[in-house]
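*Asks:* Dropping the structure in here first, questions after.
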Amino acid sequence: MTPPLRLPLLAALSLAALTVSALPASAGTDPWVRAWGENAQGQLGNGSVLAQQTPAAVLGITRDDVRELSGGGGGAAAAANPFAVALLKDGTVKSWGSNATGQLGNGTLVAQSFPATVAGLSGVSEVSAGLNHALAVKGGRVLAWGGNASKQLGTGQDTTNPYRAPIPVQSLDKVKDVGAGCDFSVALRQDGTVWTWGKGDNGRLGTGNNTTRETPQKVPDLVDVESVAVGCDHVLALTADGVVKSWGKGAEGQLGNDSTADSNKPVDVAYLDAVARIFATSASGFAVLDDGSLAGWGKNTDRQLGDGTNANRTTPVVLDHLRGVQSISGGADFTVAALDDGSVIGWGANAAAQLGDGTTSGTTGTSTVTALPPGSGITHVATTVTGKSAFAY
C-alpha cells in the first residue's frame with residue numbers, strides 16, 4: 001500500500017493557519033485567538049512570517065483556553081525581537097516569535113512562528129512580555145527569562161547574559177502581578193507595594209534616582225496600589241483611593257502631570273478621579289472612568305490617542321466617542337481596543353496594517369476602524385511593546 005503523504009511540519013502548520021484563518025470572525029463560529037500586522041519574526045503565531053492585514057488565527061490556541069496574552073518586542077527587524085507569550089487557564093505558558101535573546105524561554109535562541117509550551121513552567125498566574133524579556137508569577141514568586149543586558153531579569157547575579165529558560169527573580173514573594181517594559185521590570189505585591197528592577201534610565205524604576213538595579217527595590221512612599229500598567233519606559237499605578245500615579249520618561253507627556261520632564265519618583269496624573277482601570281501603551285496612558293468614559297494622555301504624533309489631533313497631551317483628555325472599552329493596548333504608533341459589544345476597533349497609524357481592517361490607511365480626526373465586528377467574543381487585546389503587531393482574545 002502506498003504510504004500516506006506527510007507534509008513537512010512548517011508546511012502543515014502554514015496550511016492549518018490558512019484553513020483556520022478562513023473562518024468567519026463572528027460569534028459562535030470562531031473560537032480562535034487572532035493576530036494581525038507585522039509578522040517578519042513569526043510573532044503572529046500563524047505558522048508563517050507573512051504580514052497580515054486582517055485578523056488571522058493563532059495556531060492551536062482558543063480564546064477559552066487563554067487567561068492572559070502579552071506581546072513583546074518591537075518592529076519588523078530581527079533586532080526588534082517581536083514575540084508573544086500566552087498564559088493558559090491550566091497554568092502553562094506558550095510562546096512564539098523572535099527568540100534572539102531567549103525570550104521564548106524554550107532553552108534555545110531559535111525563533112518559532114507557532115505557539116509552543118514553555119517547558120517546565122506550570123502553576124503560573126500572571127505573565128508579561130517586555131522589549132526582550134518575559135516575566136511570570138508562580139505561587140507568588142516571579143520567574144524571568146530572556147534578555148538581561150540591563151539586569152531586567154532580577155537574578156542578583158553579576159551577569160548580563162540572556163537566560164533561555166525561566167529563572168527565579170531574587171527576594172520577592174507574595175507577588176500578585178508583574179509588568180515588563182523596555183529593559184526593566186515591575187512587580188505588584190499583595191500588600192499593595194510596588195517593586196522594580198533593571199534599567200534605571202529616565203527614572204523608570206521610580207526609586208528616586210536613575211540607577212540600574214539588578215535586584216528588586218521597593219518604590220518609596222507608594223502604598224495601597226491595586227494595579228499597575230507598564231509602558232516602554234514609564235509606569236502607571238492605580239491606588240485604592242482611585243489616584244493614578246506615574247513615573248519614568250515624560251518627554252511625550254506620558255506621565256500626565258502637565259509636564260514633559262522625566263520623573264524618578266511617582267507623581268500624580270492630573271485631573272483624574274473615579275478611575276476604574278488603567279492601561280499603558282508604548283508611550284501613552286489611558287484610564288477607564290467609573291462612568292464608562294475613557295481618558296487618554298501622552299504620545300499622539302500618529303493620532304494614537306484618538307482625540308482628533310496629532311498633538312502630544314501632557315494631561316488626560318476625555319474621549320467621549322470611545323465608550324464601553326474593556327481592554328486597550330498600543331504599540332509605537334497605534335492603539336486597539338476591545339469593546340463591551342465584542343468588537344475590536346483601532347486608531348492611529350496603519351502603514352503595516354496594524355489596525356487590522358484590511359487596509360494600510362491611518363485614521364483621521366476621531367475616526368476609528370473595525371478589525372473584528374460586534375459579537376466576535378473578544379474581550380481583550382494586546383500589542384507588541386514598540387512594534388506594529390496586535391492580538392485579540
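Here, A, B, ... name the chains of the C-alpha cells in the order displayed, residue numbers run from 1 inside each chain, and ligands are numbered from 1 in the same displayed order.
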Would you list the contacts of stretch 286-301 of chain A as a PyMOL selection string, taking every protein, DNA or RNA residue within 7 Å and counting only C-alpha atoms, but skipping same-chain residues closer than 2 positions in sequence?
*Replies:* chain A and resi 252-254+256+274-280+283-284+303-305+310-320+322-324
*Asks:* Using only C-alpha atoms, which protein or nucleic acid residues come within 6 Å of A:Thr384? Drop anything in the same chain fewer than 5 positions from it, and give the result as a list in words.
*Replies:*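 Final neighbour list, sorted by chain and number: Gly71, Gly72, Gly73, Gly74, Gly331 and Ser389 of chain A.
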*Asks:* So that I can check the surroundings of A:Ser70, please list as a PyMOL selection string every protein, DNA and RNA residue that reaches within 10 Å of it, counting only C-alpha atoms and ignoring chain neighbours fewer than 2 positions away.
*Replies:* chain A and resi 68+72+83-87+95+126-130+134+179-180+329+381-385+390-391
*Asks:* With N, CA and C atoms retained, could you export that selection as a compact mmCIF listing (two decimals), in the first residue's frame?
*Replies:*
# COMPACT_ATOMS: atom_id res chain seq x y z
N GLU A 68 -4.38 35.06 29.83
CA GLU A 68 -3.70 36.33 29.56
C GLU A 68 -2.73 36.16 28.41
N GLY A 72 5.47 41.22 23.13
CA GLY A 72 6.75 41.83 23.47
C GLY A 72 7.51 42.26 22.24
N PHE A 83 7.75 39.21 19.86
CA PHE A 83 7.33 37.88 20.31
C PHE A 83 6.08 38.00 21.15
N ALA A 84 5.54 36.88 21.56
CA ALA A 84 4.35 36.88 22.42
C ALA A 84 4.39 35.70 23.36
N VAL A 85 3.75 35.88 24.51
CA VAL A 85 3.56 34.78 25.47
C VAL A 85 2.08 34.73 25.84
N ALA A 86 1.59 33.52 26.01
CA ALA A 86 0.19 33.34 26.39
C ALA A 86 0.11 32.42 27.61
N LEU A 87 -0.57 32.88 28.63
CA LEU A 87 -0.84 32.08 29.82
C LEU A 87 -2.18 31.39 29.64
N SER A 95 4.71 30.28 23.97
CA SER A 95 5.42 31.44 23.44
C SER A 95 5.71 31.23 21.96
N GLU A 126 0.22 34.81 36.29
CA GLU A 126 0.34 36.06 35.52
C GLU A 126 1.56 35.98 34.61
N VAL A 127 1.50 36.66 33.47
CA VAL A 127 2.66 36.79 32.58
C VAL A 127 2.73 38.21 32.02
N SER A 128 3.92 38.60 31.59
CA SER A 128 4.09 39.87 30.91
C SER A 128 5.32 39.79 30.02
N ALA A 129 5.20 40.32 28.80
CA ALA A 129 6.31 40.36 27.85
C ALA A 129 6.82 41.78 27.72
N GLY A 130 8.15 41.95 27.79
CA GLY A 130 8.76 43.26 27.64
C GLY A 130 9.41 43.41 26.28
N ALA A 134 10.73 38.31 29.45
CA ALA A 134 9.38 37.98 29.90
C ALA A 134 9.39 37.65 31.38
N GLY A 179 4.78 43.45 35.41
CA GLY A 179 4.78 44.16 34.15
C GLY A 179 6.21 44.29 33.64
N ALA A 180 6.42 43.94 32.38
CA ALA A 180 7.74 44.03 31.77
C ALA A 180 7.74 45.19 30.77
N SER A 329 -4.64 48.40 24.16
CA SER A 329 -3.22 48.19 24.04
C SER A 329 -2.72 49.00 22.85
N VAL A 381 -7.30 42.74 24.24
CA VAL A 381 -6.35 42.98 23.16
C VAL A 381 -4.95 43.13 23.74
N ALA A 382 -3.95 42.92 22.89
CA ALA A 382 -2.55 43.11 23.26
C ALA A 382 -1.79 43.53 22.00
N THR A 383 -0.64 44.15 22.18
CA THR A 383 0.22 44.51 21.06
C THR A 383 1.67 44.27 21.45
N THR A 384 2.55 44.19 20.44
CA THR A 384 3.97 44.20 20.75
C THR A 384 4.32 45.57 21.36
N VAL A 385 5.33 45.63 22.22
CA VAL A 385 5.58 46.81 23.04
C VAL A 385 5.81 48.06 22.22
N ALA A 390 -0.65 43.13 16.54
CA ALA A 390 -1.72 43.15 17.53
C ALA A 390 -2.35 41.77 17.69
N PHE A 391 -2.98 41.58 18.87
CA PHE A 391 -3.60 40.31 19.21
C PHE A 391 -4.96 40.59 19.84
*Asks:* Please provide as a PDB file with N, CA and C atoms, in the first residue's frame all residues within 8 Å of A:Asn106, with the sequence filter that same-chain residues fewer than 4 positions apart are discarded (counting only C-alpha atoms).
*Replies:*
ATOM      1  N   GLY A 102      16.541  34.671  23.820  1.00  0.00           N
ATOM      2  CA  GLY A 102      15.976  33.600  24.636  1.00  0.00           C
ATOM      3  C   GLY A 102      14.640  33.914  25.241  1.00  0.00           C
ATOM      4  N   THR A 117       4.785  25.197  24.048  1.00  0.00           N
ATOM      5  CA  THR A 117       4.776  25.289  25.500  1.00  0.00           C
ATOM      6  C   THR A 117       6.173  25.565  26.054  1.00  0.00           C
ATOM      7  N   VAL A 118       6.249  26.481  27.010  1.00  0.00           N
ATOM      8  CA  VAL A 118       7.499  26.730  27.724  1.00  0.00           C
ATOM      9  C   VAL A 118       7.700  25.568  28.691  1.00  0.00           C
ATOM     10  N   ALA A 119       8.692  24.743  28.417  1.00  0.00           N
ATOM     11  CA  ALA A 119       8.879  23.501  29.165  1.00  0.00           C
ATOM     12  C   ALA A 119       9.153  23.765  30.639  1.00  0.00           C
ATOM     13  N   ARG A 164      17.855  31.513  28.685  1.00  0.00           N
ATOM     14  CA  ARG A 164      16.980  30.881  27.698  1.00  0.00           C
ATOM     15  C   ARG A 164      15.825  30.112  28.330  1.00  0.00           C
ATOM     16  N   ALA A 165      15.814  30.021  29.640  1.00  0.00           N
ATOM     17  CA  ALA A 165      14.756  29.329  30.364  1.00  0.00           C
ATOM     18  C   ALA A 165      14.445  30.118  31.631  1.00  0.00           C
TER      19      ALA A 165
END
*Asks:* Give me the residues near A:Thr364 as a short mmCIF file (atom, residue, chain, number, x, y, z; two decimals) with all heavy atoms, in the first residue's frame, where near means some atom within 12 Å (using only C-alpha atoms) and where sequence neighbours in that chain fewer than 4 positions away do not count.
*Replies:*
data_model
loop_
_atom_site.label_atom_id
_atom_site.label_comp_id
_atom_site.auth_asym_id
_atom_site.auth_seq_id
_atom_site.Cartn_x
_atom_site.Cartn_y
_atom_site.Cartn_z
N THR A 301 1.53 61.67 18.18
CA THR A 301 2.01 62.17 16.89
C THR A 301 1.37 61.45 15.71
O THR A 301 1.32 61.99 14.60
CB THR A 301 3.53 62.04 16.80
OG1 THR A 301 3.90 60.69 17.14
CG2 THR A 301 4.21 63.00 17.76
N ASP A 302 0.86 60.23 15.94
CA ASP A 302 0.18 59.48 14.87
C ASP A 302 -1.30 59.31 15.17
O ASP A 302 -1.93 58.39 14.69
CB ASP A 302 0.86 58.13 14.68
CG ASP A 302 2.26 58.25 14.13
OD1 ASP A 302 2.40 58.46 12.91
OD2 ASP A 302 3.21 58.16 14.92
N ARG A 303 -1.84 60.18 16.01
CA ARG A 303 -3.27 60.17 16.37
C ARG A 303 -3.65 58.93 17.17
O ARG A 303 -4.80 58.49 17.18
CB ARG A 303 -4.16 60.30 15.13
CG ARG A 303 -3.88 61.56 14.32
CD ARG A 303 -4.81 61.69 13.11
NE ARG A 303 -4.46 62.85 12.31
CZ ARG A 303 -4.91 64.09 12.52
NH1 ARG A 303 -5.75 64.31 13.53
NH2 ARG A 303 -4.55 65.09 11.74
N GLN A 304 -2.68 58.38 17.91
CA GLN A 304 -2.96 57.18 18.66
C GLN A 304 -3.77 57.41 19.93
O GLN A 304 -4.21 56.44 20.55
CB GLN A 304 -1.67 56.41 18.97
CG GLN A 304 -0.61 57.17 19.75
CD GLN A 304 0.45 57.77 18.84
OE1 GLN A 304 0.15 58.58 17.96
NE2 GLN A 304 1.69 57.40 19.06
N LEU A 305 -3.98 58.67 20.32
CA LEU A 305 -4.87 58.94 21.45
C LEU A 305 -6.34 58.99 21.02
O LEU A 305 -7.24 58.81 21.84
CB LEU A 305 -4.50 60.25 22.15
CG LEU A 305 -3.20 60.28 22.94
CD1 LEU A 305 -3.05 61.60 23.68
CD2 LEU A 305 -3.09 59.12 23.91
N GLY A 306 -6.58 59.29 19.76
CA GLY A 306 -7.95 59.32 19.26
C GLY A 306 -8.73 60.56 19.65
O GLY A 306 -9.96 60.53 19.67
N ASP A 307 -8.02 61.67 19.94
CA ASP A 307 -8.71 62.88 20.37
C ASP A 307 -8.98 63.86 19.23
O ASP A 307 -9.42 64.99 19.46
CB ASP A 307 -7.91 63.58 21.47
CG ASP A 307 -6.60 64.15 20.96
OD1 ASP A 307 -6.14 63.73 19.87
OD2 ASP A 307 -6.02 65.03 21.64
N GLY A 308 -8.69 63.48 18.00
CA GLY A 308 -8.92 64.34 16.85
C GLY A 308 -7.74 65.20 16.48
O GLY A 308 -7.81 65.95 15.50
N THR A 309 -6.64 65.13 17.24
CA THR A 309 -5.45 65.92 16.94
C THR A 309 -4.25 64.98 16.79
O THR A 309 -4.36 63.77 16.99
CB THR A 309 -5.13 66.92 18.08
OG1 THR A 309 -4.50 66.22 19.17
CG2 THR A 309 -6.38 67.60 18.58
N ASN A 310 -3.12 65.55 16.43
CA ASN A 310 -1.87 64.78 16.46
C ASN A 310 -0.85 65.46 17.37
O ASN A 310 0.35 65.36 17.17
CB ASN A 310 -1.30 64.60 15.05
CG ASN A 310 -0.97 65.92 14.38
OD1 ASN A 310 -1.24 66.99 14.93
ND2 ASN A 310 -0.37 65.85 13.20
N GLY A 346 -9.66 50.17 16.18
CA GLY A 346 -8.32 50.71 16.27
C GLY A 346 -8.24 52.11 15.71
O GLY A 346 -9.13 52.55 14.96
N TRP A 347 -7.19 52.82 16.06
CA TRP A 347 -6.97 54.16 15.53
C TRP A 347 -5.49 54.49 15.58
O TRP A 347 -4.71 53.89 16.31
CB TRP A 347 -7.80 55.19 16.29
CG TRP A 347 -7.58 55.25 17.78
CD1 TRP A 347 -6.74 56.09 18.45
CD2 TRP A 347 -8.23 54.47 18.79
NE1 TRP A 347 -6.82 55.87 19.81
CE2 TRP A 347 -7.72 54.89 20.04
CE3 TRP A 347 -9.19 53.46 18.75
CZ2 TRP A 347 -8.14 54.33 21.24
CZ3 TRP A 347 -9.61 52.88 19.94
CH2 TRP A 347 -9.09 53.32 21.18
N GLY A 348 -5.08 55.45 14.74
CA GLY A 348 -3.68 55.84 14.65
C GLY A 348 -3.09 55.45 13.31
O GLY A 348 -3.79 55.37 12.30
N ALA A 349 -1.79 55.20 13.29
CA ALA A 349 -1.09 54.83 12.05
C ALA A 349 -1.45 53.41 11.64
O ALA A 349 -1.86 52.59 12.46
CB ALA A 349 0.42 54.97 12.24
N ASN A 350 -1.25 53.12 10.33
CA ASN A 350 -1.69 51.82 9.82
C ASN A 350 -0.85 51.35 8.64
O ASN A 350 -1.28 50.49 7.88
CB ASN A 350 -3.17 51.90 9.42
CG ASN A 350 -3.80 50.54 9.24
OD1 ASN A 350 -3.42 49.57 9.89
ND2 ASN A 350 -4.78 50.45 8.36
N THR A 368 -12.40 55.81 13.94
CA THR A 368 -11.81 54.52 14.27
C THR A 368 -12.15 53.54 13.15
O THR A 368 -13.06 53.79 12.35
CB THR A 368 -12.34 53.97 15.60
OG1 THR A 368 -13.76 53.76 15.49
CG2 THR A 368 -12.06 54.94 16.74
N VAL A 369 -11.43 52.44 13.09
CA VAL A 369 -11.75 51.38 12.13
C VAL A 369 -12.01 50.10 12.91
O VAL A 369 -11.61 49.96 14.07
CB VAL A 369 -10.62 51.18 11.10
CG1 VAL A 369 -10.43 52.44 10.28
CG2 VAL A 369 -9.32 50.79 11.79
#
